[in-house]
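Student: Sharing a structure with you now.
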Amino acid sequence: MCCPRISGTGIPFCIATISGISSCEKPLDDPVKRTLLWVVAVLSVVGNVTVLVFRFVFESAVITKSYRLFVSNLGLSDFIMGMYLLIIAGSDLYYQNDYVMFESEWRHSTLCSVAGFLATWSSETSAMFVLLITIERYLAVRFPFGTYRITRDLKFFLLILSWTVGLVLSLVPVVYQDWGIYSSNGMCLGLPMKNHREKGLRYSFCAFLVLPGILFILIAIGQMAIFQNISGEKTNNLVNIQSAAKRRREITVAKNLSLVVVSNFLCWFPLFVFGLLATNGHDLSHELYSWLVVFVLPLNSAINPVLYTLPVIYKRWEEFKNRHAVKDT
């Protein structure tokens with residue numbers, strides 16, 4: 001894909017990669033994208049570590065409840081995406097100014113395959129956990145007295161199933177390396193955004209776009225059902241029976257969930273549209289492809305902690321301060 005530079009080998013020119021992400025000098029050529037990559041990586045790791053610590057330390061007594069358990073697994077899934085981003089950001093630093101000499105070696109390396117595996121595993125399971133959270137919230141709002149709930153055995157089965165399905169989907173490109181899914185670019189991602197790679201293109205399209213699209217449709221349907229029940233006559237009649245505080249908490253969670261649906265849609269829909277175009281023979285601009293790979297795909301891993309857990313932490317902190325203020329008075 002590249003030829004060596006004059007300073008290193010005497011060859012008079014260098015042709016940059018067709019991925020639109022890397023140059024002959026650096027795996028990630030654009031300094032703006034490089035900065036954003038580090039920002040999203042740090043936010044993903046720090047934010048999701050905060051989620052896991054808070055859930056397992058400060059909510060350990062109720063961690064097995066469906067909602068908190070699903071959110072904790074979502075945090076772990078998004079943390080895996082953060083680790084992928086750190087691997088890519090680290091490789092960018094390591095190969096700076098010499099990438100041309102090691103470009104093929106990096107793309108076909110074990111670490112690149114590991115990075116692609118982690119990104120795929122995270123993106124697949126994250127969508128599944130958002131769906132499980134949506135189902136759990138719908139049951140809580142629709143049946144406030146616990147008539148129907150996800151049982152203990154069922155929730156652990158669904159968690160194991162989600163992790164296993166994501167694991168299998170992410171391992172297939174490792175097993176069939178001749179498809180070139182993870183080695184198609186320096187970011188080690190197999191998004192089906194280029195029609196020049198025939199092998200594995202259909203698999204990439206189904207795994208990265210079709211399956212998350214189906215999950216998103218189910219999430220959107222569940223979200224609409226949640227708000228229908230919150231605003232419907234049946235829910236309004238229950239307000240006099242339920243405590244106002246509990247109802248407010250349910251509505252707050254539902255609103256946060258709607259933000260998650262919107263953020264997932266904003267990340268997934270462009271990928272689906274451009275992937276569909278690429279599958280049908282249309283080439284995307286290099287600049288657009290690089291933004292999709294570097295920023296759009298991993299963005300949810302940084303946003304989800306802000307939507308799910310940081311508001312809860314802030315609320316607990318405010319309650320803590322208020323209790324101390326009352327004691328002081």
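Naming works like this for the structure tokens: A, B, ... for the chains as they're shown, residue 1 at the start of each chain, ligands 1 onward in shown order.
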Applying 9 Å and only C-alpha atoms, which residues near Phe70 (chain A) remain after dropping the ones on its own chain fewer than 3 positions away? List them as a PyMOL selection string.
Tutor: chain A and resi 64-67+73-75+129-130+132-133+136+155+159
Student: Report, in Å to a single decimal, how far apart CA of Asp98 (chain A) and CA of Leu37 (chain A) are.
Tutor: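 Distance reported for this atom pair: 19.9 Å.
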Student: With only C-alpha atoms as the basis for distance, which of A:Met83, A:Leu158, A:Val32, A:Met224 is at the shortest distance from Pro298 (chain A)?
Tutor: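 Smallest distance to Pro298 (chain A) is found for A:Met83.
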Student: Enter the distance from CA of Ser109 (chain A) to CA of Met128 (chain A), in Å, rounded to one decimal.
Tutor: 29.2 Å
Student: Within 10 Å of Leu167 (chain A), counting only C-alpha atoms, which residues qualify if same-chain residues fewer than 2 places away don't, as number ranges by chain?
Tutor: A: 117-118, 120-122, 124-125, 161-165, 169-172
Student: So which bits of region 54-276 of chain A end up helix (DSSP H, G or I) when you DSSP the backbone, as number ranges by chain?
Tutor: A: 54-58, 60-62, 66-94, 99-107, 110-142, 152-175, 177-179, 201-231, 233-238, 244-276
Student: What lies within 10 Å of region 301-312 of chain A using only C-alpha atoms, ignoring chain neighbours under 5 positions off, as a PyMOL selection string?
Tutor: chain A and resi 39-52+54-55+68+71-72+74-82+122-123+126+130+252-253+255-260+263-264+317-318
Student: Provide the CA of Pro31 (chain A) to CA of Leu93 (chain A) distance in Å, to one decimal place.
Tutor: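 Atom-to-atom, CA of Pro31 (chain A) to CA of Leu93 (chain A), that is 11.8 Å.
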Student: Excluding Leu292 (chain A) and residues on its chain fewer than 6 positions from it, collect all residues at most 9 Å away from it, counting only C-alpha atoms, and give them as a list in words.
Tutor: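 Selected residues are Cys267, Pro270 and Leu271 of chain A.
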Student: Between A:Trp179, A:Phe227, A:Phe265, A:Phe102, which one has atoms that come closest to Ile214 (chain A), using only C-alpha atoms?
Tutor: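 Checking each candidate against Ile214 (chain A), we get A:Phe265 as the closest.
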Student: Residues within 7 Å of Pro192 (chain A), please, as a PyMOL selection string. Count only C-alpha atoms; anything in the same chain fewer than 5 positions from it doesn't count.
Tutor: chain A and resi 201+204-205+275+278
Student: Grab the residues selected above and save them as a PDB file, in the first residue's frame with N, CA and C atoms.
Tutor:
ATOM      1  N   LEU A 201     -16.791  -9.361   2.891  1.00  0.00           N
ATOM      2  CA  LEU A 201     -17.577  -8.134   2.854  1.00  0.00           C
ATOM      3  C   LEU A 201     -18.997  -8.365   3.351  1.00  0.00           C
ATOM      4  N   SER A 204     -18.964  -8.838   7.114  1.00  0.00           N
ATOM      5  CA  SER A 204     -18.793  -7.556   7.787  1.00  0.00           C
ATOM      6  C   SER A 204     -20.088  -6.767   7.778  1.00  0.00           C
ATOM      7  N   PHE A 205     -20.772  -6.772   6.647  1.00  0.00           N
ATOM      8  CA  PHE A 205     -22.018  -6.019   6.540  1.00  0.00           C
ATOM      9  C   PHE A 205     -23.066  -6.557   7.514  1.00  0.00           C
ATOM     10  N   GLY A 275     -22.400   1.877   4.641  1.00  0.00           N
ATOM     11  CA  GLY A 275     -22.051   0.481   4.405  1.00  0.00           C
ATOM     12  C   GLY A 275     -22.900  -0.124   3.305  1.00  0.00           C
ATOM     13  N   ALA A 278     -21.564   1.157   0.046  1.00  0.00           N
ATOM     14  CA  ALA A 278     -20.308   0.489  -0.316  1.00  0.00           C
ATOM     15  C   ALA A 278     -20.559  -0.925  -0.815  1.00  0.00           C
TER      16      ALA A 278
END
